[in-house]
Structure formats: C-alpha cells, structure tokens
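Undergrad: Got a structure here, written out as structure tokens. Questions coming.
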Amino acid sequence: MMGTEIARGEFGIAGVPRRTIVRGEGAHVWDSTGRKYVDLGASLGVANHGHSHPRIVEAIRRQAGELVFVSSAYTTRPRIEFVDRLLSLLPSQLNRVFLSNSGAEAMETAIKLARSSTGRSDFVAMMRGFHGRTMGALSATWRSELRRPFEPLVPGFSHVPLNDLAKLEASVSDRTAGVMLELVQGEGGIHVADPEFVRAARSICDAHGAKLIFDEIQTGVGRTGRRWAFERYGVRPDILALAKSLAGGIPIGATVTTTGVESKFQGTLHSTFGGNPLACAAGVAALDVLVDERLDERAERLGNVGLARLRGLANPKIREVRGLGLMIGIELRERATPYLEELRRRGYLASAAGPQVLRLLPPIPISDADWDSALGTIDEVLRDGG
Ligand SMILES: Cc1ncc(COP(=O)(O)O)c(C=O)c1O
C-alpha cells in the first residue's frame, strides 16, 4: 500500500504495515507520498498545541544546542522555570510537583503519593477508566482484556461506575488511600463526569481521609475548554496527573500535589529523565502557548460548535454525542472502524474510543474552516456508510 511501511523488528507489530508520517504542521500531518491529512485525534491527544508549533520548536532547538541532558543531581534553568510556570497556572494548594516522562509514570507516582501519605493501600477507580499500562496504572485501568494477561496486578483496586454516587459511597472506606478518575473518560468512550458526582467524590474523600486523584493526562492543557478540566467543576484534587501535550510533544509526566501530602510522604521518588532540560524547555514554551493563544477559550468555542452540529444530525446510526470542549465522542449503534477508514480515505485521521465511539480530539488551533469541513465530512461519511 502506498505510503505505508513495515517496522520489521518491532515487538508486537512486526509485519504490520502502517502509514508512514513524515511531517506535521498545525492541525495537519503528511505521509511519505505527500498526502496531507487533518489530524482529528491530535496524535493521541499529544498535539493540543498543533504539530511542530514554531515557539515550541524554537525552544527545543535552542535548548538542544545548549544542554540536552544533565544528571538530576543538578538543576537547570528550564527545570526551575517549568515548575514555576506550571504551578503558577494551578490553584495555590497544588504547589508540589514530581516530574517524570509519561502518563503511566505520572499515575504510578500518584499511587505512591496516596499510599505513602495515608499509610493505606486501597484505591477506588472508575469502570471504563484508563490510566496507563505499567503495573500500578494498569491495576487502576478498567478493561479486563488489558489487565488479564499480566495478573496478578497490584492488589487493593476496585472499580465503580462513573457518576454512580451510591456505589462510590459504598466503596470508599477508612482503608481507601485514594479515589481516582478522569473528568472526561478518554479511552473508555468520552464519558463526562457529572458535577454532583465530582463534588460528592471530594466530600467522600474528605470524610474518610482518602486522597482525590484526577487523571488529567488527556483532559488537561486546554482540551476541555479550560486549562485543566477540574476548573469546570470547582473541585480541587489532592493529586493531579498530567502528561501527553504538557511539553508540546516531548515526553513528560507531572504529578502535582499539596504540601499536606508531601509532609506525610515516607518514600523517595526519582527518575533519570524526569525533569530533563529539553522536556522542560519545551514545557515552558507549551504552557506559554496555552496561555498566550488562549487555547482553552478556543477549545470551548470550537467544541460548542462541534457538539451543537453533531447533536443536530438526524442520523439513526448515532446513539449519542458526548463531550466537553474539544473532546468529543460520537457513539454509534455499530462499529466505528469502517467510518474511521472512510474518513482516512477522505483525508481525516481520527481514532476510536472503544469499538463504537468515534473520538474527535483535534489540535486546538485547527482552523474554523478545517473544523467546519471535518464536521461536514463526518456527517457525509455517517450518512453514506463506512
Ligand atoms: C487518561 C489517561 N491516563 C493515562 C494514560 C497513559 O499515558 P501514557 O501512554 O503516556 O503512559 C493515558 C494514555 O492514553 C490516558 O489517556
């Protein structure tokens, strides 16, 4: 197939042809044949700022020419600046951060912080939740086909349905170290947490001395129409996990917490690459772009346009349209894959969130015209058949 190549030695995918992407700019990527696509998935939610944003590219270039890496026995200006910048965009109680390299690591750290600061071992997570694939994060993840091959996992995790207050109340006890949730479940099919549920989760955690953990790895950095989705809920977590687009495409993870959690924490945390100067320099530029270009406001506006238009489609194949900001799921009454294939043929790359949900998570700077034609093409493809 033109524009695809095979990674012959890659574990798990050897022999599987995949499209070769050679360039990205803004909301677009190009494959090796020169074909241009609109990236409606923001490349797994990493390209919130758009691909190769000039300010982020410049920061990476400059930093790479000065210092790519140094031992964490030392600090660096980008590291100090990134931590300052990130904390300045968060409520004052969230004032301690540990830097790592991925979402799963950010969640592992969240688990360690909650366990060590409470002296308890149990966690309540949500059905349909996804938190990563390392052993702790996988234990918090819901889908059994992801978990089963690696069991036994970390003990003490239970799952309740998102937005089921009675089940949450019944599951949290004085043995619970933490309650963890995504405010909009990403991989699980774009399910939005109810404000009452999130507020109740806060009170239940307070009543039992458990930590409230928000996984904002996919919902953070402007995606839901706020810089961080929790701003929409008026509820603050004790522990906040961030990753994906936080450094504009350079791998990073950040777990933010309070001095209260820090003061009770017994163990140590360390990561060779966590907080490296290249990721931090990219992170400073990425946070500046988030603020200066008001990506949150743009996500809110374009998200509302998209949700209204998609909800107005009188198409019996659509079961429900859900979302918050520019994080939208179209749940179909049938499998999403044929429609994703047809969208790709027409120049739009989107991904599924579960077998029947078409997920839209475009780079936030996507132009009004590209967003408009993407929505029009989705309408056509869903009408014409996949
Ligand atoms: C909500 C959420 N948490 C955690 C992760 C894991 O992140 P990573 O793949 O960087 O380990 C993901 C990745 O999709 C995610 O969407």
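Starting from 1 in every chain, residues are counted up; chains themselves are A, B, ... following the order of the structure tokens, and ligands are numbered from 1 as listed.
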List as a VMD selection string the protein and nucleic acid residues lying within 7 Å of ligand 1, with only C-alpha atoms and all ligand atoms counted.

TA: chain A and resid 44 102 to 105 107 130 to 133 182 185 to 187 215 to 218 243 to 244

Undergrad: For the selection you just gave me, I'd like the residues written to a file as a compact mmCIF listing (two decimals), in the first residue's frame, keeping C-alpha atoms.

TA:
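Result saved to result-v1.txt:
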# COMPACT_ATOMS: atom_id res chain seq x y z
CA LEU A 44 -3.35 10.53 20.81
CA SER A 102 4.78 9.65 30.60
CA GLY A 103 1.19 9.40 31.72
CA ALA A 104 1.64 5.96 33.24
CA GLU A 105 4.57 7.21 35.32
CA MET A 107 -0.14 7.82 37.65
CA PHE A 130 -7.87 4.21 31.58
CA HIS A 131 -4.73 5.22 33.44
CA GLY A 132 -1.82 3.58 31.60
CA ARG A 133 -0.11 0.22 31.22
CA GLU A 182 -10.72 11.08 34.60
CA GLN A 185 -13.01 9.37 30.26
CA GLY A 186 -10.93 9.30 27.09
CA GLU A 187 -10.02 5.76 26.06
CA ASP A 215 -6.04 11.92 35.90
CA GLU A 216 -5.94 14.91 33.55
CA ILE A 217 -3.45 13.30 31.21
CA GLN A 218 -5.90 13.58 28.30
CA ALA A 243 1.30 14.25 30.64
CA LYS A 244 0.62 13.95 26.88

Undergrad: Using only C-alpha atoms, which residues sit within 9 Å of Arg77 (chain A) once same-chain residues fewer than 5 positions away are excluded, as a list in words?

TA: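 Listing them by chain and then by number gives Phe82, Pro277, Cys280 and Ala281 of chain A.
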
Undergrad: For a quick check of understanding, using only C-alpha atoms, which of A:Ile80, A:Ile366, A:Ala299, A:Ile252 has the smallest distance to Asp39 (chain A)?

TA: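 Smallest distance to Asp39 (chain A) is found for A:Ile366.
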
Undergrad: Determine the nearest neighbour of Ser173 (chain A) from the options A:Pro17, A:Gly209, A:Gly234, A:Gly354, counting only C-alpha atoms.

TA: A:Gly209

Undergrad: For Gly41 (chain A), which residue out of A:Ala137, A:Met327, A:Ala369, A:Ala200 is the nearest one, using only C-alpha atoms?

TA: A:Met327

Undergrad: Apply DSSP to the backbone of this structure and, from region 176-283 of chain A, keep only the residues in alpha helix (DSSP H); write these as number ranges by chain.

TA: A: 195-208, 230-233, 259-264, 277-283

Undergrad: Report as a compact mmCIF listing (two decimals) with N, CA and C atoms, in the first residue's frame all protein, DNA and RNA residues lying within 9 Å of Tyr339 (chain A), evaluated on only C-alpha atoms, omitting residues in the same chain fewer than 4 positions from it.

TA:
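Result file follows (selection19.txt):
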# COMPACT_ATOMS: atom_id res chain seq x y z
N ARG A 335 -20.08 -0.61 14.66
CA ARG A 335 -18.64 -0.44 14.85
C ARG A 335 -18.14 0.83 14.17
N LEU A 343 -13.10 8.00 6.64
CA LEU A 343 -12.61 9.34 6.96
C LEU A 343 -11.15 9.47 6.54
N ARG A 344 -10.35 8.43 6.79
CA ARG A 344 -8.93 8.48 6.40
C ARG A 344 -8.81 8.60 4.88
N LEU A 358 -16.55 7.09 17.91
CA LEU A 358 -15.64 7.85 17.07
C LEU A 358 -15.19 9.06 17.90
N ILE A 378 -17.71 14.24 8.36
CA ILE A 378 -18.21 13.21 9.29
C ILE A 378 -19.69 12.97 9.02
N VAL A 381 -19.96 10.97 5.77
CA VAL A 381 -19.49 9.59 5.92
C VAL A 381 -20.48 8.75 6.74
N LEU A 382 -21.04 9.36 7.77
CA LEU A 382 -22.02 8.62 8.58
C LEU A 382 -23.33 8.40 7.81
N GLY A 385 -22.41 5.74 4.74
CA GLY A 385 -21.99 4.40 5.13
C GLY A 385 -20.49 4.30 5.10
N GLY A 386 -19.92 3.39 5.93
CA GLY A 386 -18.48 3.27 6.05
C GLY A 386 -17.92 2.30 5.04

Undergrad: Need to verify the contact set: Thr272 (chain A), 12 Å, only C-alpha atoms, exclusion of same-chain residues closer than 2 positions in sequence. Can you return it as a list in words?

TA: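 What passes the distance filter is Phe69, Val70, Ser71, Ser72, Ala73, Tyr74, Leu99, Ser100, Asn101, Leu269, His270, Gly274, Gly275, Asn276 and Pro277 of chain A.
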
Undergrad: Please provide as an MDAnalysis selection string all residues within 10 Å of Glu334 (chain A), with the sequence filter that same-chain residues fewer than 4 positions apart are discarded (counting only C-alpha atoms).

TA: chainID A and resid 317:319 338:339 355:357

Undergrad: As an MDAnalysis selection string, please: all residues of region 213-288 of chain A that backbone DSSP puts in strand (DSSP E).

TA: chainID A and resid 213:215 239:242 253:257

Undergrad: Create the file for the chosen residues now, containing C-alpha atoms and written as a PDB file, in the first residue's frame.

TA:
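The file below, part28.pdb, is the result:
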ATOM      1  CA  ILE A 213      -6.761  11.936  42.343  1.00  0.00           C
ATOM      2  CA  PHE A 214      -7.629  13.479  38.975  1.00  0.00           C
ATOM      3  CA  ASP A 215      -6.042  11.915  35.904  1.00  0.00           C
ATOM      4  CA  ILE A 239      -3.172  14.808  43.443  1.00  0.00           C
ATOM      5  CA  LEU A 240      -3.234  15.774  39.763  1.00  0.00           C
ATOM      6  CA  ALA A 241      -1.599  13.717  36.998  1.00  0.00           C
ATOM      7  CA  LEU A 242      -0.581  15.436  33.745  1.00  0.00           C
ATOM      8  CA  GLY A 253       4.781  13.409  33.046  1.00  0.00           C
ATOM      9  CA  ALA A 254       3.943  15.577  36.038  1.00  0.00           C
ATOM     10  CA  THR A 255       2.264  14.657  39.300  1.00  0.00           C
ATOM     11  CA  VAL A 256       1.192  17.709  41.264  1.00  0.00           C
ATOM     12  CA  THR A 257       0.183  17.603  44.909  1.00  0.00           C
TER      13      THR A 257
END

Undergrad: Please indicate the distance in Å from CA of His49 (chain A) to CA of Ile364 (chain A), rounded to one decimal place.

TA: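 Atom-to-atom, CA of His49 (chain A) to CA of Ile364 (chain A), that is 6.1 Å.
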
Undergrad: Calculated over only C-alpha atoms, which of the candidates A:Leu40, A:Ala110, A:Ala279, A:Val179 has the smallest distance to Ser367 (chain A)?

TA: A:Leu40

Undergrad: Pick out the closest residue to Ala229 (chain A) from this set: A:Val154, A:Met135, A:Val184, A:Ile204. Count only C-alpha atoms.

TA: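 Nearest to Ala229 (chain A): A:Val184.
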
Undergrad: Of the residues A:Gly325, A:Pro161, A:Pro195, A:Gly26, which is the one nearest to Asp370 (chain A), using only C-alpha atoms?

TA: A:Gly26

Undergrad: Which residues, written as a list of chain:residue names, have at least one atom at most 10 Å from Arg383 (chain A), with only C-alpha atoms counted and residues fewer than 3 positions away on the same chain left out?

TA: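 Everything that qualifies: A:Leu313, A:Ala314, A:Asn315, A:Pro316, A:Lys317, A:Thr377, A:Ile378, A:Asp379, A:Glu380, A:Gly386.
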
Undergrad: Which residues, written as JSON, numbers by chain, have at least one atom at most 12 Å from Leu290 (chain A), with only C-alpha atoms counted and residues fewer than 3 positions away on the same chain left out?

TA: {"A": [47, 48, 49, 50, 53, 55, 56, 85, 86, 89, 220, 221, 222, 223, 225, 226, 227, 228, 245, 246, 247, 248, 283, 284, 285, 286, 287, 293, 294, 295, 296, 297, 298, 299, 363, 364, 365]}

Undergrad: Could those selected residues go to a file with N, CA and C atoms, as an mmCIF file, in the first residue's frame?

TA:
data_model
loop_
_atom_site.group_PDB
_atom_site.id
_atom_site.type_symbol
_atom_site.label_atom_id
_atom_site.label_comp_id
_atom_site.auth_asym_id
_atom_site.auth_seq_id
_atom_site.Cartn_x
_atom_site.Cartn_y
_atom_site.Cartn_z
ATOM 1 N N ALA A 47 -0.913 16.480 20.561
ATOM 2 C CA ALA A 47 -0.709 17.693 19.755
ATOM 3 C C ALA A 47 -1.782 18.749 20.042
ATOM 4 N N ASN A 48 -2.075 19.000 21.316
ATOM 5 C CA ASN A 48 -3.061 20.050 21.637
ATOM 6 C C ASN A 48 -2.658 21.400 21.050
ATOM 7 N N HIS A 49 -1.348 21.688 21.004
ATOM 8 C CA HIS A 49 -0.867 22.990 20.506
ATOM 9 C C HIS A 49 -0.750 23.019 18.992
ATOM 10 N N GLY A 50 -1.020 21.896 18.340
ATOM 11 C CA GLY A 50 -0.756 21.749 16.914
ATOM 12 C C GLY A 50 0.625 21.135 16.741
ATOM 13 N N HIS A 53 4.612 23.305 16.672
ATOM 14 C CA HIS A 53 4.314 24.725 16.914
ATOM 15 C C HIS A 53 5.626 25.502 16.902
ATOM 16 N N ARG A 55 6.886 28.134 18.249
ATOM 17 C CA ARG A 55 7.515 28.568 19.515
ATOM 18 C C ARG A 55 8.080 27.375 20.281
ATOM 19 N N ILE A 56 7.405 26.246 20.166
ATOM 20 C CA ILE A 56 7.894 25.053 20.883
ATOM 21 C C ILE A 56 9.124 24.492 20.160
ATOM 22 N N ARG A 85 6.303 27.885 36.211
ATOM 23 C CA ARG A 85 5.247 28.216 35.248
ATOM 24 C C ARG A 85 4.030 27.319 35.463
ATOM 25 N N LEU A 86 4.288 26.016 35.625
ATOM 26 C CA LEU A 86 3.173 25.073 35.797
ATOM 27 C C LEU A 86 2.408 25.404 37.078
ATOM 28 N N LEU A 89 -0.017 28.240 37.121
ATOM 29 C CA LEU A 89 -1.288 28.045 36.409
ATOM 30 C C LEU A 89 -2.237 27.128 37.183
ATOM 31 N N GLY A 220 -6.257 17.615 30.260
ATOM 32 C CA GLY A 220 -5.560 18.842 30.641
ATOM 33 C C GLY A 220 -5.105 19.668 29.446
ATOM 34 N N VAL A 221 -4.410 20.753 29.730
ATOM 35 C CA VAL A 221 -3.776 21.604 28.717
ATOM 36 C C VAL A 221 -4.803 22.122 27.695
ATOM 37 N N GLY A 222 -5.884 22.674 28.208
ATOM 38 C CA GLY A 222 -6.839 23.376 27.344
ATOM 39 C C GLY A 222 -7.901 22.531 26.695
ATOM 40 N N ARG A 223 -7.728 21.226 26.709
ATOM 41 C CA ARG A 223 -8.556 20.335 25.887
ATOM 42 C C ARG A 223 -10.070 20.497 26.104
ATOM 43 N N GLY A 225 -11.789 23.031 27.247
ATOM 44 C CA GLY A 225 -12.328 24.386 27.289
ATOM 45 C C GLY A 225 -11.900 25.162 28.536
ATOM 46 N N ARG A 226 -11.111 24.529 29.374
ATOM 47 C CA ARG A 226 -10.432 25.195 30.496
ATOM 48 C C ARG A 226 -8.980 24.734 30.439
ATOM 49 N N ARG A 227 -8.085 25.460 31.149
ATOM 50 C CA ARG A 227 -6.698 24.974 31.119
ATOM 51 C C ARG A 227 -6.648 23.551 31.665
ATOM 52 N N TRP A 228 -7.372 23.327 32.770
ATOM 53 C CA TRP A 228 -7.471 21.990 33.377
ATOM 54 C C TRP A 228 -8.961 21.723 33.553
ATOM 55 N N SER A 245 0.218 16.306 26.178
ATOM 56 C CA SER A 245 0.622 17.515 25.443
ATOM 57 C C SER A 245 1.312 18.555 26.326
ATOM 58 N N LEU A 246 1.599 18.189 27.579
ATOM 59 C CA LEU A 246 2.144 19.159 28.534
ATOM 60 C C LEU A 246 3.450 19.806 28.048
ATOM 61 N N ALA A 247 4.263 19.056 27.283
ATOM 62 C CA ALA A 247 5.505 19.638 26.763
ATOM 63 C C ALA A 247 5.458 19.707 25.233
ATOM 64 N N GLY A 248 4.266 19.854 24.687
ATOM 65 C CA GLY A 248 4.116 20.094 23.250
ATOM 66 C C GLY A 248 4.606 18.951 22.371
ATOM 67 N N GLY A 283 8.304 22.360 27.624
ATOM 68 C CA GLY A 283 7.149 22.539 28.505
ATOM 69 C C GLY A 283 6.873 24.005 28.799
ATOM 70 N N VAL A 284 7.922 24.784 29.023
ATOM 71 C CA VAL A 284 7.731 26.225 29.270
ATOM 72 C C VAL A 284 7.069 26.854 28.045
ATOM 73 N N ALA A 285 7.601 26.527 26.862
ATOM 74 C CA ALA A 285 7.030 27.101 25.631
ATOM 75 C C ALA A 285 5.582 26.625 25.451
ATOM 76 N N ALA A 286 5.331 25.361 25.754
ATOM 77 C CA ALA A 286 3.974 24.817 25.570
ATOM 78 C C ALA A 286 2.986 25.509 26.513
ATOM 79 N N LEU A 287 3.388 25.757 27.751
ATOM 80 C CA LEU A 287 2.494 26.446 28.689
ATOM 81 C C LEU A 287 2.288 27.899 28.257
ATOM 82 N N GLU A 293 -2.081 31.981 23.505
ATOM 83 C CA GLU A 293 -3.022 31.748 22.401
ATOM 84 C C GLU A 293 -4.413 31.369 22.903
ATOM 85 N N ARG A 294 -4.585 31.420 24.206
ATOM 86 C CA ARG A 294 -5.887 31.121 24.838
ATOM 87 C C ARG A 294 -6.505 29.854 24.273
ATOM 88 N N LEU A 295 -5.705 28.798 24.326
ATOM 89 C CA LEU A 295 -6.171 27.537 23.742
ATOM 90 C C LEU A 295 -7.438 27.040 24.430
ATOM 91 N N ASP A 296 -7.557 27.341 25.726
ATOM 92 C CA ASP A 296 -8.756 26.894 26.449
ATOM 93 C C ASP A 296 -10.012 27.526 25.852
ATOM 94 N N GLU A 297 -9.944 28.837 25.586
ATOM 95 C CA GLU A 297 -11.133 29.525 25.047
ATOM 96 C C GLU A 297 -11.461 29.018 23.642
ATOM 97 N N ARG A 298 -10.396 28.750 22.875
ATOM 98 C CA ARG A 298 -10.621 28.248 21.511
ATOM 99 C C ARG A 298 -11.260 26.849 21.545
ATOM 100 N N ALA A 299 -10.774 26.022 22.470
ATOM 101 C CA ALA A 299 -11.337 24.662 22.595
ATOM 102 C C ALA A 299 -12.813 24.745 22.996
ATOM 103 N N PRO A 363 -6.141 19.005 17.136
ATOM 104 C CA PRO A 363 -5.268 20.055 17.663
ATOM 105 C C PRO A 363 -6.120 21.310 17.885
ATOM 106 N N ILE A 364 -5.925 21.994 19.011
ATOM 107 C CA ILE A 364 -6.832 23.096 19.347
ATOM 108 C C ILE A 364 -6.729 24.265 18.353
ATOM 109 N N PRO A 365 -5.546 24.544 17.775
ATOM 110 C CA PRO A 365 -5.506 25.636 16.778
ATOM 111 C C PRO A 365 -6.096 25.273 15.412
#
